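Q: This is the structure, below, for whatever I ask next.
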Amino acid sequence: MNKEKRDITILAIGDKADYDSYRKWHHAKASFLDHGFDYATTDYTRLLDGKMPRIKTENVIIFLFFPFSYWDSHIEHKNYRGIYANRVFYRKFVRFWDMVESRLKKQLAGKKVVFVNDPRLCGAYRDKLTVTRKLDEFRIPQSRLYNVSGVEEIRDKLSGGHEFFIKPRYGSMGKGITFLSRSGWQTNFIFKNNKIISRRSDHGWRFNDVTGKTGFLRQLLRDDFLIQKAVDPLILDGNKVDFRIYTFFNKVIYVYPRKNASGKVTTNISQGGQGDSGLLEILPGSLVSRAEKEAVRVSKALNINFAGIDIMPDKNLKDLYVLDVNVFSGLPGKKTFDLAECVAGELSKKGRVLFS
Ligand SMILES: Nc1ncnc2c1ncn2[C@@H]1O[C@H](COP(=O)(O)OP(=O)(O)O)[C@@H](O)[C@H]1O
Ligand SMILES: [Mg+2]
């Protein structure tokens, strides 16, 4: 153990209800202590109440996890009856991060603070359009977005052989995704009595057939949705495949190929996709390393130091598309890859440089 380095505290802020990242991160304390850091953790409720764990060091590195409890009680709360992930969600989310930032500034006044991901960016990047525009500035390959005039234009394009994904502009976890092709329309919203209904849970957003239901499409287009050209995905052994790439301070720390049966719409683990590290042995190394390079460019373009970036190769193994950037990505299980340990190791190499 390198005692000399115990002049930096790692502060992790998250909610225990966050089973897919903060809870998996929870054992990280031992790793950080082993690498010579101090470690503290708290949740957002306490933070917003003005409470803060005692921090002995002058230097603090802050990891922000998804504010699960706040989200469930104030944003996607159980009495919410509107459509999933509209502008109201976003505004509340941005306001939340403003509060977090000002609380932290106040509580940690006089200390040197490094945010792994800046709280304001945590709010701003909930907007998929903000992310897309930023990545466009850096010429990062993405599937193109369409600005359509209405349902008729979509129908025309579909009969011309185009295929689309329509997703909530401020959404996540594969919730509220619609896929349109000439052979059928599928959505994981519920469409009942001519009304779009959002499920209450995070998981189990099953897809339903809404082929030809113009009323559904018309309602979607009235809200904040992005229409994107569908990538013709690479299919291996009957599965569509993409990469979840974890970056930490502009370095790839883990690549997690994901797969789902070719007939399924999404590859999100939260909606039934599966991680499969074995695919790395089958996929061409050059494809993987190109995807890794793009992921690093993404994290630089967006100025985020800890991210899960989703990149899909197309079926000719030639083109790659950055589909989604997750500031709050779910973490692999510890047995699959001990990401917290890896991050602690990385920080022990460069943690002090952050304060120099
Ligand atoms: N343009 C696209 N082409 C092919 N598949 C897509 C496209 N957009 C989304 N998907 C699939 O849908 C999933 C969810 O979309 P994504 O943009 O990542 O939204 P979310 O933030 O809800 O995860 C992706 O992981 C991918 O499997
Ligand atoms: Mg995604």
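Every chain in the structure tokens takes a letter, A first, then B, and so on in the order presented; its residues are numbered from 1, and the ligands are numbered from 1 following the presented order.
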Any idea what's packed within 6 Å of Asp43 of chain A, counting only C-alpha atoms, ignoring anything in its chain fewer than 4 positions away? Could you give it as JSON, numbers by chain?
A: {"A": [13, 14, 15]}
Q: Enumerate residues in contact with ligand 2: an atom-to-atom distance of at most 7 Å, counting only C-alpha atoms and all ligand atoms. Format the result as an MDAnalysis selection string.
A: chainID A and resid 172:174 268 310 324:326
Q: With all heavy atoms retained, export the selected residues as an mmCIF file, in the first residue's frame.
A:
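Wrote again.cif, looks like this:
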```cif
data_model
loop_
_atom_site.group_PDB
_atom_site.id
_atom_site.type_symbol
_atom_site.label_atom_id
_atom_site.label_comp_id
_atom_site.auth_asym_id
_atom_site.auth_seq_id
_atom_site.Cartn_x
_atom_site.Cartn_y
_atom_site.Cartn_z
ATOM 1 N N SER A 172 -33.527 6.351 -22.077
ATOM 2 C CA SER A 172 -32.401 5.505 -21.709
ATOM 3 C C SER A 172 -32.885 4.074 -21.488
ATOM 4 O O SER A 172 -34.096 3.821 -21.439
ATOM 5 C CB SER A 172 -31.794 6.103 -20.433
ATOM 6 O OG SER A 172 -30.950 5.213 -19.804
ATOM 7 N N MET A 173 -31.953 3.159 -21.355
ATOM 8 C CA MET A 173 -32.225 1.754 -21.012
ATOM 9 C C MET A 173 -33.113 1.031 -22.019
ATOM 10 O O MET A 173 -33.782 0.054 -21.682
ATOM 11 C CB MET A 173 -32.871 1.640 -19.623
ATOM 12 C CG MET A 173 -31.988 2.172 -18.518
ATOM 13 S SD MET A 173 -32.766 1.992 -16.919
ATOM 14 C CE MET A 173 -32.290 0.308 -16.520
ATOM 15 N N GLY A 174 -33.153 1.511 -23.228
ATOM 16 C CA GLY A 174 -33.950 0.832 -24.245
ATOM 17 C C GLY A 174 -35.446 0.962 -24.009
ATOM 18 O O GLY A 174 -36.222 0.154 -24.522
ATOM 19 N N ASN A 268 -29.981 -3.738 -25.589
ATOM 20 C CA ASN A 268 -29.792 -3.322 -24.187
ATOM 21 C C ASN A 268 -29.865 -4.529 -23.250
ATOM 22 O O ASN A 268 -30.804 -5.325 -23.337
ATOM 23 C CB ASN A 268 -30.897 -2.352 -23.753
ATOM 24 C CG ASN A 268 -30.881 -1.072 -24.552
ATOM 25 O OD1 ASN A 268 -31.223 -1.078 -25.716
ATOM 26 N ND2 ASN A 268 -30.465 0.007 -23.925
ATOM 27 N N ASP A 310 -21.847 2.953 -26.805
ATOM 28 C CA ASP A 310 -22.391 1.841 -27.586
ATOM 29 C C ASP A 310 -22.121 2.061 -29.071
ATOM 30 O O ASP A 310 -22.530 3.074 -29.640
ATOM 31 C CB ASP A 310 -23.904 1.725 -27.366
ATOM 32 C CG ASP A 310 -24.234 1.421 -25.910
ATOM 33 O OD1 ASP A 310 -23.344 0.891 -25.200
ATOM 34 O OD2 ASP A 310 -25.366 1.717 -25.483
ATOM 35 N N ASP A 324 -25.053 5.340 -28.924
ATOM 36 C CA ASP A 324 -25.519 5.842 -27.631
ATOM 37 C C ASP A 324 -24.316 6.065 -26.718
ATOM 38 O O ASP A 324 -23.357 5.292 -26.745
ATOM 39 C CB ASP A 324 -26.453 4.779 -27.021
ATOM 40 C CG ASP A 324 -27.245 5.290 -25.833
ATOM 41 O OD1 ASP A 324 -27.425 6.512 -25.708
ATOM 42 O OD2 ASP A 324 -27.686 4.454 -25.019
ATOM 43 N N VAL A 325 -24.398 7.133 -25.925
ATOM 44 C CA VAL A 325 -23.336 7.416 -24.962
ATOM 45 C C VAL A 325 -23.973 7.462 -23.578
ATOM 46 O O VAL A 325 -24.915 8.228 -23.356
ATOM 47 C CB VAL A 325 -22.639 8.757 -25.270
ATOM 48 C CG1 VAL A 325 -21.531 9.020 -24.260
ATOM 49 C CG2 VAL A 325 -22.081 8.757 -26.683
ATOM 50 N N ASN A 326 -23.480 6.638 -22.688
ATOM 51 C CA ASN A 326 -24.080 6.534 -21.359
ATOM 52 C C ASN A 326 -23.134 7.089 -20.304
ATOM 53 O O ASN A 326 -22.074 6.521 -20.055
ATOM 54 C CB ASN A 326 -24.383 5.064 -21.043
ATOM 55 C CG ASN A 326 -25.277 4.440 -22.112
ATOM 56 O OD1 ASN A 326 -26.486 4.596 -22.085
ATOM 57 N ND2 ASN A 326 -24.671 3.767 -23.079
#
```
Q: Could you report the residues within 8 Å of ligand 1, using only C-alpha atoms and all ligand atoms, as number ranges by chain?
A: A: 128, 143-144, 164-168, 170-177, 228-233, 242, 265-268, 310, 312, 323-326
Q: Please identify which residues in segment 33-133 of chain A DSSP calls alpha helix (DSSP H) from the backbone, and express them as JSON, numbers by chain.
A: {"A": [33, 34, 44, 45, 46, 47, 48, 68, 69, 70, 87, 88, 89, 90, 91, 92, 93, 94, 95, 96, 97, 98, 99, 100, 101, 102, 103, 104, 105, 106, 107, 119, 120, 121, 122, 123, 124, 128, 129, 130, 131, 132, 133]}
Q: Could you pull out all residues of segment 120-192 of chain A with a DSSP call of strand (DSSP E or B) and give them as a list in words?
A: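 Of segment 120-192 of chain A, the ones in strand (DSSP E or B) are Leu145, Tyr146, Phe164, Phe165, Ile166, Lys167, Pro168, Thr178, Phe179, Leu180, Ser181, Gly184, Trp185, Gln186, Thr187, Ile190, Phe191 and Lys192 of chain A.
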Q: Residues as selected, C-alpha atoms, written as a PDB file, in the first residue's frame, can you do that?
A:
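What landed in out-v7.pdb:
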```pdb
ATOM      1  CA  LEU A 145     -31.252  11.545 -38.069  1.00  0.00           C
ATOM      2  CA  TYR A 146     -34.295  12.468 -40.127  1.00  0.00           C
ATOM      3  CA  PHE A 164     -36.001   3.568 -38.779  1.00  0.00           C
ATOM      4  CA  PHE A 165     -35.503   3.649 -35.070  1.00  0.00           C
ATOM      5  CA  ILE A 166     -37.589   6.192 -33.221  1.00  0.00           C
ATOM      6  CA  LYS A 167     -36.429   6.914 -29.695  1.00  0.00           C
ATOM      7  CA  PRO A 168     -37.309   9.298 -26.902  1.00  0.00           C
ATOM      8  CA  THR A 178     -39.878   1.913 -31.877  1.00  0.00           C
ATOM      9  CA  PHE A 179     -38.580   0.137 -34.966  1.00  0.00           C
ATOM     10  CA  LEU A 180     -40.190   0.629 -38.347  1.00  0.00           C
ATOM     11  CA  SER A 181     -39.545  -1.353 -41.493  1.00  0.00           C
ATOM     12  CA  GLY A 184     -43.586  -4.341 -39.713  1.00  0.00           C
ATOM     13  CA  TRP A 185     -43.661  -1.743 -36.944  1.00  0.00           C
ATOM     14  CA  GLN A 186     -42.689  -2.656 -33.403  1.00  0.00           C
ATOM     15  CA  THR A 187     -42.669  -0.602 -30.247  1.00  0.00           C
ATOM     16  CA  ILE A 190     -47.993   0.009 -24.835  1.00  0.00           C
ATOM     17  CA  PHE A 191     -50.530   1.290 -27.352  1.00  0.00           C
ATOM     18  CA  LYS A 192     -54.033   0.757 -26.065  1.00  0.00           C
TER      19      LYS A 192
END
```
Q: Need the shell around Ala12 of chain A: protein/DNA/RNA residues with any atom at most 9 Å away, counting only C-alpha atoms. Skip same-chain ones fewer than 6 positions apart. Format as number ranges by chain?
A: A: 22, 39-43, 61-65
Q: Export all heavy atoms of the chosen residues as a tab-separated table (two decimals), in the first residue's frame?
A:
```tsv
chain	number	residue	atom	x	y	z
A	22	TYR	N	-24.24	1.54	-9.06
A	22	TYR	CA	-23.71	1.92	-7.75
A	22	TYR	C	-23.58	0.70	-6.83
A	22	TYR	O	-22.59	0.55	-6.13
A	22	TYR	CB	-24.60	2.98	-7.11
A	22	TYR	CG	-24.11	3.44	-5.75
A	22	TYR	CD1	-22.94	4.17	-5.63
A	22	TYR	CD2	-24.82	3.12	-4.60
A	22	TYR	CE1	-22.48	4.58	-4.38
A	22	TYR	CE2	-24.37	3.53	-3.36
A	22	TYR	CZ	-23.21	4.26	-3.25
A	22	TYR	OH	-22.77	4.66	-2.03
A	39	TYR	N	-11.47	6.78	1.01
A	39	TYR	CA	-12.72	6.51	0.31
A	39	TYR	C	-13.90	6.96	1.13
A	39	TYR	O	-13.96	6.72	2.34
A	39	TYR	CB	-12.84	5.01	0.02
A	39	TYR	CG	-14.00	4.68	-0.89
A	39	TYR	CD1	-13.87	4.75	-2.27
A	39	TYR	CD2	-15.24	4.31	-0.37
A	39	TYR	CE1	-14.93	4.46	-3.12
A	39	TYR	CE2	-16.31	4.02	-1.20
A	39	TYR	CZ	-16.14	4.10	-2.57
A	39	TYR	OH	-17.20	3.81	-3.41
A	40	ALA	N	-14.83	7.65	0.48
A	40	ALA	CA	-16.05	8.06	1.18
A	40	ALA	C	-17.22	7.89	0.22
A	40	ALA	O	-17.05	7.92	-1.00
A	40	ALA	CB	-15.95	9.53	1.60
A	41	THR	N	-18.39	7.67	0.78
A	41	THR	CA	-19.55	7.55	-0.09
A	41	THR	C	-20.79	8.11	0.60
A	41	THR	O	-20.86	8.15	1.83
A	41	THR	CB	-19.76	6.07	-0.52
A	41	THR	OG1	-20.83	6.02	-1.47
A	41	THR	CG2	-20.09	5.16	0.65
A	42	THR	N	-21.72	8.58	-0.20
A	42	THR	CA	-22.99	9.06	0.35
A	42	THR	C	-24.06	8.96	-0.73
A	42	THR	O	-23.78	8.55	-1.85
A	42	THR	CB	-22.84	10.52	0.87
A	42	THR	OG1	-24.02	10.87	1.61
A	42	THR	CG2	-22.65	11.52	-0.25
A	43	ASP	N	-25.29	9.31	-0.35
A	43	ASP	CA	-26.34	9.30	-1.36
A	43	ASP	C	-26.87	10.71	-1.59
A	43	ASP	O	-26.55	11.64	-0.84
A	43	ASP	CB	-27.47	8.31	-1.01
A	43	ASP	CG	-28.14	8.65	0.30
A	43	ASP	OD1	-28.35	9.86	0.57
A	43	ASP	OD2	-28.46	7.73	1.07
A	61	ILE	N	-11.76	13.33	-5.52
A	61	ILE	CA	-12.20	12.92	-6.86
A	61	ILE	C	-13.61	12.36	-6.72
A	61	ILE	O	-13.85	11.45	-5.93
A	61	ILE	CB	-11.26	11.84	-7.44
A	61	ILE	CG1	-9.85	12.40	-7.62
A	61	ILE	CG2	-11.81	11.32	-8.78
A	61	ILE	CD1	-8.82	11.38	-8.13
A	62	ILE	N	-14.54	12.93	-7.48
A	62	ILE	CA	-15.95	12.57	-7.28
A	62	ILE	C	-16.50	11.73	-8.43
A	62	ILE	O	-16.41	12.12	-9.60
A	62	ILE	CB	-16.82	13.83	-7.10
A	62	ILE	CG1	-16.30	14.64	-5.91
A	62	ILE	CG2	-18.29	13.46	-6.91
A	62	ILE	CD1	-17.13	15.86	-5.57
A	63	PHE	N	-17.05	10.58	-8.08
A	63	PHE	CA	-17.79	9.74	-9.02
A	63	PHE	C	-19.28	9.93	-8.77
A	63	PHE	O	-19.75	9.72	-7.65
A	63	PHE	CB	-17.47	8.25	-8.79
A	63	PHE	CG	-16.13	7.82	-9.30
A	63	PHE	CD1	-14.98	8.03	-8.56
A	63	PHE	CD2	-16.01	7.19	-10.54
A	63	PHE	CE1	-13.74	7.62	-9.03
A	63	PHE	CE2	-14.78	6.77	-11.02
A	63	PHE	CZ	-13.64	6.99	-10.26
A	64	LEU	N	-20.00	10.28	-9.80
A	64	LEU	CA	-21.44	10.49	-9.66
A	64	LEU	C	-22.18	9.32	-10.32
A	64	LEU	O	-21.97	9.03	-11.49
A	64	LEU	CB	-21.84	11.80	-10.34
A	64	LEU	CG	-21.20	13.06	-9.76
A	64	LEU	CD1	-21.40	14.25	-10.69
A	64	LEU	CD2	-21.76	13.36	-8.37
A	65	PHE	N	-23.04	8.69	-9.56
A	65	PHE	CA	-23.87	7.61	-10.11
A	65	PHE	C	-25.29	8.14	-10.34
A	65	PHE	O	-25.62	9.25	-9.92
A	65	PHE	CB	-23.85	6.40	-9.17
A	65	PHE	CG	-22.52	5.71	-9.21
A	65	PHE	CD1	-21.49	6.11	-8.35
A	65	PHE	CD2	-22.26	4.72	-10.13
A	65	PHE	CE1	-20.25	5.51	-8.41
A	65	PHE	CE2	-21.02	4.12	-10.20
A	65	PHE	CZ	-20.01	4.51	-9.33
```
Q: Which one of A:Leu339, A:Leu33, A:Val131, A:Leu236 sits closest to Arg258 of chain A if you count only C-alpha atoms?
A: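 Using only C-alpha atoms, the shortest distance to Arg258 of chain A belongs to A:Leu236.
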Q: Find the residue from A:Ala340, A:Val114, A:Leu108, A:Leu121 that sits nearest to Val94 of chain A; use only C-alpha atoms when measuring.
A: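 Answer, going by the shortest atom-to-atom distance: A:Leu121.
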Q: Between atom CA of Ser69 of chain A and atom CA of Ile8 of chain A, measure the distance and give it in Å to one decimal.
A: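 Going from atom CA of Ser69 of chain A over to atom CA of Ile8 of chain A, I get 28.1 Å.
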